[in-house]
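Visitor: Next comes the structure file model.cif, holding mmCIF, C-alpha atoms.
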data_upload
loop_
_atom_site.label_atom_id
_atom_site.label_comp_id
_atom_site.auth_asym_id
_atom_site.auth_seq_id
_atom_site.Cartn_x
_atom_site.Cartn_y
_atom_site.Cartn_z
CA MET A 1 174.11 129.59 94.27
CA ARG A 2 173.23 127.04 96.98
CA ILE A 3 170.69 124.41 95.95
CA LEU A 4 168.71 122.04 98.18
CA GLY A 5 167.48 118.83 96.54
CA ILE A 6 164.76 116.93 98.40
CA ASP A 7 163.38 113.43 97.90
CA PRO A 8 160.15 113.27 99.96
CA GLY A 9 159.04 110.18 101.86
CA LEU A 10 157.04 109.65 105.05
CA GLN A 11 159.64 107.28 106.45
CA THR A 12 162.79 108.78 104.96
CA THR A 13 163.10 112.16 103.30
CA GLY A 14 166.51 112.54 101.64
CA TYR A 15 168.13 115.92 101.20
CA GLY A 16 171.31 117.16 99.59
CA LEU A 17 172.90 120.60 99.39
CA VAL A 18 175.14 121.62 96.52
CA ASP A 19 176.97 124.87 95.82
CA TYR A 20 177.67 125.86 92.27
CA VAL A 21 181.09 127.46 92.02
CA ASP A 22 182.86 128.21 88.72
CA ALA A 23 180.28 126.14 86.85
CA ARG A 24 181.05 123.11 89.03
CA PRO A 25 178.87 121.51 91.71
CA ARG A 26 180.37 121.18 95.19
CA LEU A 27 178.82 118.99 97.88
CA VAL A 28 177.87 120.94 101.01
CA GLU A 29 175.84 118.43 102.98
CA GLY A 30 173.53 115.46 102.57
CA GLY A 31 171.36 113.48 104.93
CA VAL A 32 167.95 112.10 105.74
CA ILE A 33 165.06 113.30 107.85
CA ARG A 34 163.22 110.40 109.40
CA GLY A 35 159.46 110.58 109.94
CA GLY A 36 159.76 107.89 112.60
CA ALA A 37 158.86 104.25 112.09
CA SER A 38 156.00 104.04 114.58
CA GLY A 39 154.47 107.51 114.80
CA ASN A 40 151.08 108.40 113.40
CA LEU A 41 150.78 110.41 110.21
CA GLU A 42 150.64 113.84 111.88
CA THR A 43 153.73 113.10 114.00
CA ARG A 44 155.67 111.99 110.93
CA LEU A 45 154.65 115.05 108.95
CA HIS A 46 155.65 117.28 111.84
CA ALA A 47 159.08 115.63 111.98
CA ILE A 48 159.57 116.11 108.23
CA TYR A 49 158.41 119.72 108.33
CA THR A 50 160.62 120.73 111.27
CA GLY A 51 163.54 118.78 109.77
CA VAL A 52 163.30 120.54 106.40
CA CYS A 53 162.85 123.94 108.07
CA SER A 54 165.96 123.39 110.17
CA VAL A 55 168.03 122.33 107.11
CA ILE A 56 166.90 125.45 105.24
CA ARG A 57 167.69 127.71 108.21
CA GLU A 58 171.09 126.11 108.84
CA PHE A 59 172.36 126.05 105.27
CA GLY A 60 170.45 128.92 103.63
CA PRO A 61 169.77 127.53 100.15
CA THR A 62 168.09 129.87 97.67
CA VAL A 63 166.02 127.16 96.00
CA ALA A 64 164.50 123.77 96.88
CA VAL A 65 164.30 121.22 94.07
CA VAL A 66 161.89 118.29 93.98
CA GLU A 67 160.87 115.80 91.35
CA SER A 68 157.71 116.69 89.39
CA LEU A 69 154.64 114.58 89.96
CA TYR A 70 154.18 111.76 87.50
CA SER A 71 150.99 111.45 85.50
CA GLN A 72 150.70 107.80 86.54
CA TYR A 73 151.74 105.99 89.69
CA LYS A 74 152.04 102.26 90.15
CA HIS A 75 150.89 102.59 93.78
CA PRO A 76 148.39 105.48 93.95
CA ARG A 77 147.77 105.17 97.70
CA THR A 78 151.50 105.33 98.42
CA ALA A 79 151.71 108.30 96.05
CA ILE A 80 148.96 110.11 97.98
CA LEU A 81 150.86 109.55 101.24
CA MET A 82 154.03 110.84 99.55
CA GLY A 83 151.89 113.85 98.56
CA HIS A 84 151.36 114.56 102.27
CA ALA A 85 155.15 114.69 102.82
CA ARG A 86 155.60 116.77 99.67
CA GLY A 87 152.92 119.16 100.95
CA VAL A 88 154.75 119.96 104.18
CA ILE A 89 158.03 120.35 102.25
CA PHE A 90 156.44 122.95 99.94
CA LEU A 91 155.04 124.61 103.05
CA ALA A 92 158.51 124.71 104.64
CA ALA A 93 159.86 126.38 101.48
CA ALA A 94 157.02 128.93 101.55
CA GLU A 95 157.58 129.64 105.26
CA CYS A 96 161.30 130.21 104.63
CA ALA A 97 160.57 132.22 101.47
CA ILE A 98 162.75 130.13 99.17
CA GLU A 99 161.81 129.20 95.64
CA VAL A 100 160.70 125.70 94.61
CA ALA A 101 161.75 124.13 91.30
CA GLU A 102 160.41 120.86 89.93
CA TYR A 103 161.88 118.63 87.24
CA PRO A 104 160.64 115.39 85.74
CA ALA A 105 162.73 112.31 86.55
CA SER A 106 163.60 111.92 82.87
CA LEU A 107 165.10 115.44 82.75
CA VAL A 108 167.16 114.79 85.90
CA LYS A 109 168.52 111.59 84.35
CA ARG A 110 169.20 113.21 81.00
CA SER A 111 170.99 116.22 82.45
CA LEU A 112 173.29 113.96 84.49
CA THR A 113 173.91 111.03 82.15
CA GLY A 114 172.73 112.17 78.74
CA HIS A 115 169.94 109.58 78.79
CA GLY A 116 166.39 110.16 80.07
CA ARG A 117 166.00 106.46 80.82
CA ALA A 118 169.29 105.92 82.62
CA GLY A 119 169.23 103.38 85.45
CA LYS A 120 169.49 104.30 89.15
CA ALA A 121 173.07 103.00 89.38
CA GLN A 122 174.19 105.07 86.39
CA VAL A 123 172.66 108.25 87.86
CA ALA A 124 174.22 107.49 91.28
CA ALA A 125 177.64 106.96 89.67
CA MET A 126 177.38 110.34 87.90
CA VAL A 127 176.34 112.07 91.15
CA ALA A 128 179.41 110.61 92.86
CA HIS A 129 181.66 111.54 89.93
CA LEU A 130 180.41 115.14 89.63
CA LEU A 131 180.73 115.70 93.39
CA GLY A 132 184.16 114.07 93.58
CA LEU A 133 183.04 111.22 95.84
CA ALA A 134 184.47 107.69 95.76
CA THR A 135 180.96 106.21 95.97
CA ALA A 136 177.40 107.53 95.89
CA PRO A 137 176.03 108.51 99.31
CA GLU A 138 173.79 106.07 101.17
CA PRO A 139 170.85 105.67 101.56
CA ALA A 140 169.74 106.16 97.96
CA ASP A 141 167.34 108.94 99.08
CA VAL A 142 170.38 111.21 99.64
CA THR A 143 171.79 110.46 96.20
CA ASP A 144 168.37 111.06 94.61
CA ALA A 145 168.16 114.41 96.39
CA LEU A 146 171.69 115.34 95.27
CA ALA A 147 170.84 114.37 91.68
CA LEU A 148 167.99 116.92 91.78
CA ALA A 149 170.27 119.61 93.19
CA VAL A 150 172.98 118.95 90.59
CA CYS A 151 170.39 118.88 87.80
CA HIS A 152 169.07 122.32 88.77
CA ALA A 153 172.38 124.04 88.04
CA SER A 154 173.56 121.76 85.27
CA PRO A 155 174.16 123.36 81.84
CA ALA A 156 172.74 120.15 80.33
CA ARG A 157 169.45 120.81 82.13
CA ARG A 158 169.24 124.26 80.60
CA ILE A 159 169.84 122.86 77.16
CA ALA A 160 167.23 120.16 77.77
CA VAL A 161 164.63 122.73 78.82
CA PRO A 162 163.32 124.74 75.83
CA PRO A 163 165.00 128.17 75.78
CA THR A 164 161.66 129.95 76.10
CA ALA A 165 161.02 128.29 79.47
CA PRO A 166 161.87 130.39 82.55
CA HIS A 167 165.23 129.67 84.11
CA HIS A 168 163.67 128.49 87.36
CA ARG A 169 160.74 126.27 86.72
CA ARG A 170 158.40 127.04 89.57
CA ALA A 171 155.63 124.79 90.82
CA ARG A 172 153.87 124.53 87.53
CA ILE A 173 151.44 121.79 88.37
CA SER A 174 148.30 122.32 86.35
CA LEU A 175 145.54 122.57 88.90
CA PRO A 176 142.19 121.20 87.88
CA ASP A 177 139.23 123.49 88.37
CA GLU A 178 138.00 121.34 91.19
CA VAL A 179 140.57 119.48 93.21
CA HIS A 180 138.18 117.63 95.48
CA ARG A 181 137.55 113.97 95.11
CA MET B 182 133.40 118.46 123.23
CA ARG B 183 134.15 120.80 120.30
CA ILE B 184 134.80 119.06 117.00
CA LEU B 185 136.39 120.47 113.84
CA GLY B 186 135.47 118.73 110.58
CA ILE B 187 137.71 119.49 107.60
CA ASP B 188 137.25 118.75 103.89
CA PRO B 189 140.67 119.37 102.28
CA GLY B 190 141.11 120.88 98.83
CA LEU B 191 143.80 123.07 97.25
CA GLN B 192 141.23 125.58 95.95
CA THR B 193 138.65 125.34 98.74
CA THR B 194 139.09 123.67 102.11
CA GLY B 195 135.77 123.48 103.96
CA TYR B 196 135.59 123.48 107.74
CA GLY B 197 132.82 123.17 110.28
CA LEU B 198 132.80 123.36 114.07
CA VAL B 199 130.24 121.54 116.16
CA ASP B 200 129.73 121.38 119.93
CA TYR B 201 128.17 118.31 121.42
CA VAL B 202 125.87 119.31 124.27
CA ASP B 203 123.40 116.93 125.97
CA ALA B 204 123.99 114.36 123.24
CA ARG B 205 123.00 116.90 120.57
CA PRO B 206 125.21 118.61 117.99
CA ARG B 207 125.18 122.41 117.94
CA LEU B 208 126.64 124.44 115.08
CA VAL B 209 129.44 126.79 116.18
CA GLU B 210 130.90 127.96 112.88
CA GLY B 211 131.50 126.90 109.33
CA GLY B 212 133.41 128.34 106.41
CA VAL B 213 136.00 127.85 103.74
CA ILE B 214 139.71 128.52 103.47
CA ARG B 215 140.69 129.44 99.95
CA GLY B 216 144.09 128.42 98.61
CA GLY B 217 143.83 131.16 96.01
CA ALA B 218 142.95 130.63 92.37
CA SER B 219 146.19 131.79 90.82
CA GLY B 220 148.94 131.13 93.36
CA ASN B 221 151.55 128.43 92.96
CA LEU B 222 151.35 125.23 95.00
CA GLU B 223 153.48 126.44 97.92
CA THR B 224 151.45 129.67 98.25
CA ARG B 225 148.19 127.72 98.29
CA LEU B 226 149.47 125.26 100.88
CA HIS B 227 150.67 128.14 103.02
CA ALA B 228 147.21 129.76 102.87
CA ILE B 229 145.53 126.48 103.86
CA TYR B 230 147.99 125.84 106.68
CA THR B 231 147.71 129.32 108.21
CA GLY B 232 143.91 129.27 107.73
CA VAL B 233 143.49 125.95 109.55
CA CYS B 234 145.88 127.04 112.33
CA SER B 235 143.89 130.24 112.84
CA VAL B 236 140.56 128.35 112.99
CA ILE B 237 142.01 125.96 115.58
CA ARG B 238 143.43 128.81 117.66
CA GLU B 239 140.22 130.86 117.49
CA PHE B 240 137.74 128.10 118.28
CA GLY B 241 139.82 125.63 120.29
CA PRO B 242 138.47 122.27 119.07
CA THR B 243 139.81 119.15 120.80
CA VAL B 244 139.80 117.03 117.67
CA ALA B 245 140.05 117.49 113.89
CA VAL B 246 138.08 115.04 111.75
CA VAL B 247 138.88 114.21 108.13
CA GLU B 248 137.71 111.59 105.71
CA SER B 249 139.90 108.49 105.46
CA LEU B 250 141.83 107.95 102.26
CA TYR B 251 140.11 105.71 99.74
CA SER B 252 141.87 102.66 98.40
CA GLN B 253 141.06 103.75 94.82
CA TYR B 254 140.70 107.18 93.27
CA LYS B 255 139.16 108.00 89.94
CA HIS B 256 141.65 110.85 89.45
CA PRO B 257 144.96 109.78 91.09
CA ARG B 258 146.81 112.99 90.19
CA THR B 259 144.07 115.13 91.74
CA ALA B 260 144.14 112.82 94.76
CA ILE B 261 147.90 113.35 95.15
CA LEU B 262 147.39 117.12 95.07
CA MET B 263 144.60 116.75 97.66
CA GLY B 264 147.19 114.76 99.67
CA HIS B 265 149.38 117.90 99.76
CA ALA B 266 146.50 119.87 101.32
CA ARG B 267 145.72 117.02 103.71
CA GLY B 268 149.40 116.94 104.72
CA VAL B 269 149.47 120.56 105.85
CA ILE B 270 146.15 120.06 107.70
CA PHE B 271 147.59 117.13 109.66
CA LEU B 272 150.64 119.30 110.33
CA ALA B 273 148.43 122.13 111.64
CA ALA B 274 146.73 119.65 114.00
CA ALA B 275 150.13 118.39 115.21
CA GLU B 276 151.41 121.95 115.72
CA CYS B 277 148.31 122.82 117.77
CA ALA B 278 148.48 119.47 119.63
CA ILE B 279 144.95 118.40 118.78
CA GLU B 280 143.96 114.87 117.89
CA VAL B 281 143.08 113.76 114.36
CA ALA B 282 140.28 111.27 113.66
CA GLU B 283 139.55 109.73 110.28
CA TYR B 284 136.38 108.04 109.07
CA PRO B 285 135.55 106.40 105.78
CA ALA B 286 132.88 108.20 103.71
CA SER B 287 130.57 105.19 104.06
CA LEU B 288 130.68 105.41 107.86
CA VAL B 289 129.94 109.16 107.78
CA LYS B 290 126.93 108.53 105.53
CA ARG B 291 125.70 105.58 107.61
CA SER B 292 125.99 107.41 110.93
CA LEU B 293 123.97 110.37 109.57
CA THR B 294 121.38 108.69 107.38
CA GLY B 295 121.48 105.00 108.27
CA HIS B 296 122.78 104.15 104.81
CA GLY B 297 126.44 103.86 103.81
CA ARG B 298 125.61 104.68 100.20
CA ALA B 299 123.35 107.67 100.84
CA GLY B 300 123.52 110.44 98.23
CA LYS B 301 125.10 113.86 98.82
CA ALA B 302 121.70 115.58 99.02
CA GLN B 303 120.44 113.14 101.65
CA VAL B 304 123.55 113.64 103.80
CA ALA B 305 123.29 117.42 103.39
CA ALA B 306 119.61 117.36 104.42
CA MET B 307 120.49 115.39 107.56
CA VAL B 308 123.32 117.80 108.43
CA ALA B 309 120.85 120.71 108.14
CA HIS B 310 118.21 118.84 110.17
CA LEU B 311 120.58 117.81 112.98
CA LEU B 312 122.01 121.33 113.27
CA GLY B 313 118.57 122.98 113.11
CA LEU B 314 119.25 124.82 109.84
CA ALA B 315 116.64 125.57 107.19
CA THR B 316 119.02 124.49 104.42
CA ALA B 317 122.47 122.91 104.23
CA PRO B 318 125.35 125.43 104.25
CA GLU B 319 126.95 126.41 100.96
CA PRO B 320 129.36 125.66 99.42
CA ALA B 321 129.10 121.88 99.75
CA ASP B 322 132.63 121.76 101.25
CA VAL B 323 131.24 123.29 104.46
CA THR B 324 128.41 120.75 104.66
CA ASP B 325 130.87 117.91 104.01
CA ALA B 326 133.07 119.20 106.82
CA LEU B 327 130.08 119.50 109.18
CA ALA B 328 128.99 115.95 108.29
CA LEU B 329 132.41 114.72 109.49
CA ALA B 330 132.14 116.72 112.72
CA VAL B 331 128.61 115.46 113.43
CA CYS B 332 129.66 111.90 112.61
CA HIS B 333 132.49 112.01 115.13
CA ALA B 334 130.16 112.49 118.09
CA SER B 335 127.19 110.58 116.73
CA PRO B 336 125.99 107.56 118.76
CA ALA B 337 125.31 105.87 115.40
CA ARG B 338 128.99 106.18 114.52
CA ARG B 339 129.92 104.42 117.75
CA ILE B 340 127.54 101.60 117.01
CA ALA B 341 128.84 101.35 113.46
CA VAL B 342 132.45 101.08 114.67
CA PRO B 343 133.17 97.68 116.23
CA PRO B 344 133.14 98.04 120.04
CA THR B 345 136.74 96.86 120.30
CA ALA B 346 137.93 99.86 118.24
CA PRO B 347 139.26 102.82 120.24
CA HIS B 348 136.77 105.62 120.76
CA HIS B 349 138.85 108.05 118.75
CA ARG B 350 140.18 106.48 115.62
CA ARG B 351 143.53 108.14 115.14
CA ALA B 352 145.41 108.38 111.89
CA ARG B 353 145.48 104.67 111.23
CA ILE B 354 146.71 104.63 107.72
CA SER B 355 148.75 101.53 107.13
CA LEU B 356 152.12 102.77 106.06
CA PRO B 357 154.00 100.62 103.58
CA ASP B 358 157.58 99.75 104.48
CA GLU B 359 158.85 102.02 101.78
CA VAL B 360 156.76 104.98 100.84
CA HIS B 361 158.86 106.20 97.98
CA ARG B 362 157.78 105.77 94.43
#
Take the structure in this file and express it as structure tokens.

Guide:
Amino acid sequence: MRILGIDPGLQTTGYGLVDYVDARPRLVEGGVIRGGASGNLETRLHAIYTGVCSVIREFGPTVAVVESLYSQYKHPRTAILMGHARGVIFLAAAECAIEVAEYPASLVKRSLTGHGRAGKAQVAAMVAHLLGLATAPEPADVTDALALAVCHASPARRIAVPPTAPHHRRARISLPDEVHR
Amino acid sequence: MRILGIDPGLQTTGYGLVDYVDARPRLVEGGVIRGGASGNLETRLHAIYTGVCSVIREFGPTVAVVESLYSQYKHPRTAILMGHARGVIFLAAAECAIEVAEYPASLVKRSLTGHGRAGKAQVAAMVAHLLGLATAPEPADVTDALALAVCHASPARRIAVPPTAPHHRRARISLPDEVHR
């Protein structure tokens, strides 16, 4: 199973690919897709979309994993802009016919460290350890993406998710009846 | 000049096309693109993206007009989901190499009715009047999209925008240095 973790951002979208072999994660590739520092919104989104499509086509993952949406955001406007990036990433997955899985940050942390409120450094150290790296990859967006990929295949994640839940948790955002403003 | 107004939503994305001939708007087409009531997020976004692309290819507008983001939203989570739809619409515009213009709701209302706080019914009545229709198109998403298209070419909009501003206001969202959560 080849898993693509993605950490969406308009400036920097981190990605990380992990194979799961003999119940152990193996790093395949990690990197960032840059939306460009000066482009307008549509140019940035186009760069992210084509970047994600090309990663999917080159490495052939069977699933893309992103963090679930929070119920509250400290910076709602920034979160809406992140939603634009997330939108074109979901579209790229749909275009390439690969599944999308979403996990809450707390589940990612718990499956890697045993604690749902683990700090960034602790999660990064576990990502490095599990993938046999001396240090966690830089920038942090890559490590965050790898944490999602590792979480997806982790036995601890499966224990953390109630056994009645489907193995792959698909985009299960509850859509309000009316999604307009 | 052919203008495409778009009102993004995951369930219903309204669109309206207007030609500007002899300083008068003329209705070309209006309709909705449905994301599907039961599909997952990626399926809905794919439907919106392909729908917007096909409208652009069929009618050949030179510009797509959307409402600017607000600084505050009553329902931030719904706004983030709307951001996903908006993201794939911007992407469709980039793919088809057409410009994107954004106007605040208050400017759209002021350019149509003279009042930035005009009610929905008043704006809808003016859309119908300016396009020579007996009643405003249903559902409201189509009328909202047409209001954006009419606003773009309206002389009142140009007066309302400071004369130093560029004629076409491109995606001028101020991007924070770091757009991650």

Visitor: What does the distance between atom CA of Asp322 of chain B and atom CA of Thr294 of chain B come to in Å, to one decimal place?

Guide: 18.3 Å

Visitor: Please check the contacts: residues of chain B at most 7 Å away from chain A, using all atoms listed in the file, listed as an MDAnalysis selection string.

Guide: chainID B and resid 190:192 221:224 226:227 252 257:269 271:272 275 352 360:362

Visitor: Distance atom CA of Leu311 of chain B-atom CA of Ile279 of chain B, one decimal place?

Guide: 25.1 Å

Visitor: With only C-alpha atoms as the basis for distance, which of B:Ala337, B:Ala317, B:Val244, B:Ala302 is at the shortest distance from Val289 of chain B?

Guide: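 Looking only at the distances to Val289 of chain B, the closest residue turns out to be B:Ala337.
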
Visitor: Calculated over all atoms listed in the file, which of the candidates A:Gly51, A:Gly60, A:Pro104, A:Gly132 has the smallest distance to Leu4 of chain A?

Guide: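 That would be A:Gly60, the residue with the smallest distance to Leu4 of chain A.
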
Visitor: So the first atom is atom CA of Ala326 of chain B and the second is atom CA of Arg298 of chain B; what is the distance between them in Å, to one decimal place?

Guide: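 These atoms are spaced 17.6 Å apart.
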
Visitor: Could you work out an axis-aligned bounding box for all listed atoms of segment 92-97 of chain A, with 5 Å added on each of the six sides, and give its centre and edge lengths in Å to one decimal, as JSON?

Guide:
{"center_x": 159.2, "center_y": 128.5, "center_z": 103.4, "size_x": 14.3, "size_y": 17.5, "size_z": 13.8}

Visitor: Taking all atoms listed in the file into account, which of A:Ser68, A:Ser106, A:Gln122, A:Ser111 comes nearest Pro155 of chain A?

Guide: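 Smallest distance to Pro155 of chain A is found for A:Ser111.
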
Visitor: At a cut-off of 12 Å, using all atoms listed in the file, what residues contact Thr243 of chain B? Leave out same-chain residues fewer than 3 positions from it and give the result as JSON, numbers by chain.

Guide: {"B": [182, 183, 184, 185, 186, 198, 199, 200, 201, 237, 238, 240, 246, 274, 275, 277, 278, 279, 280, 281, 282, 330, 333, 349]}

Visitor: I need the chosen residues saved as a CSV table (one decimal), in the coordinates of the input, with C-alpha atoms.

Guide:
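Result saved to again.csv:
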chain,number,residue,atom,x,y,z
B,182,MET,CA,133.4,118.5,123.2
B,183,ARG,CA,134.2,120.8,120.3
B,184,ILE,CA,134.8,119.1,117.0
B,185,LEU,CA,136.4,120.5,113.8
B,186,GLY,CA,135.5,118.7,110.6
B,198,LEU,CA,132.8,123.4,114.1
B,199,VAL,CA,130.2,121.5,116.2
B,200,ASP,CA,129.7,121.4,119.9
B,201,TYR,CA,128.2,118.3,121.4
B,237,ILE,CA,142.0,126.0,115.6
B,238,ARG,CA,143.4,128.8,117.7
B,240,PHE,CA,137.7,128.1,118.3
B,246,VAL,CA,138.1,115.0,111.8
B,274,ALA,CA,146.7,119.6,114.0
B,275,ALA,CA,150.1,118.4,115.2
B,277,CYS,CA,148.3,122.8,117.8
B,278,ALA,CA,148.5,119.5,119.6
B,279,ILE,CA,145.0,118.4,118.8
B,280,GLU,CA,144.0,114.9,117.9
B,281,VAL,CA,143.1,113.8,114.4
B,282,ALA,CA,140.3,111.3,113.7
B,330,ALA,CA,132.1,116.7,112.7
B,333,HIS,CA,132.5,112.0,115.1
B,349,HIS,CA,138.8,108.0,118.8

Visitor: When the PyMOL selection byres ((chain A and resi 123) around 10) is applied to the file above, which residues end up in the set, as a ChimeraX atom specification?

Guide: /A:108-115,117-122,124-129,136,143-144,147

Visitor: For each of B:Cys234, B:Ser335, B:Leu329, B:Thr316, take the minimum atom-to-atom distance to Asp203 of chain B, counting only C-alpha atoms, then give the residue where this is smallest.

Guide: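 Using only C-alpha atoms, Asp203 of chain B sits closest to B:Ser335.
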
Visitor: Given the choices B:Ile187, B:Val233, B:Val247, B:Ala334, which gets closest to Ala204 of chain B if the distance is worked out from all atoms listed in the file?

Guide: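 Distance minimum relative to Ala204 of chain B lands on B:Ala334.
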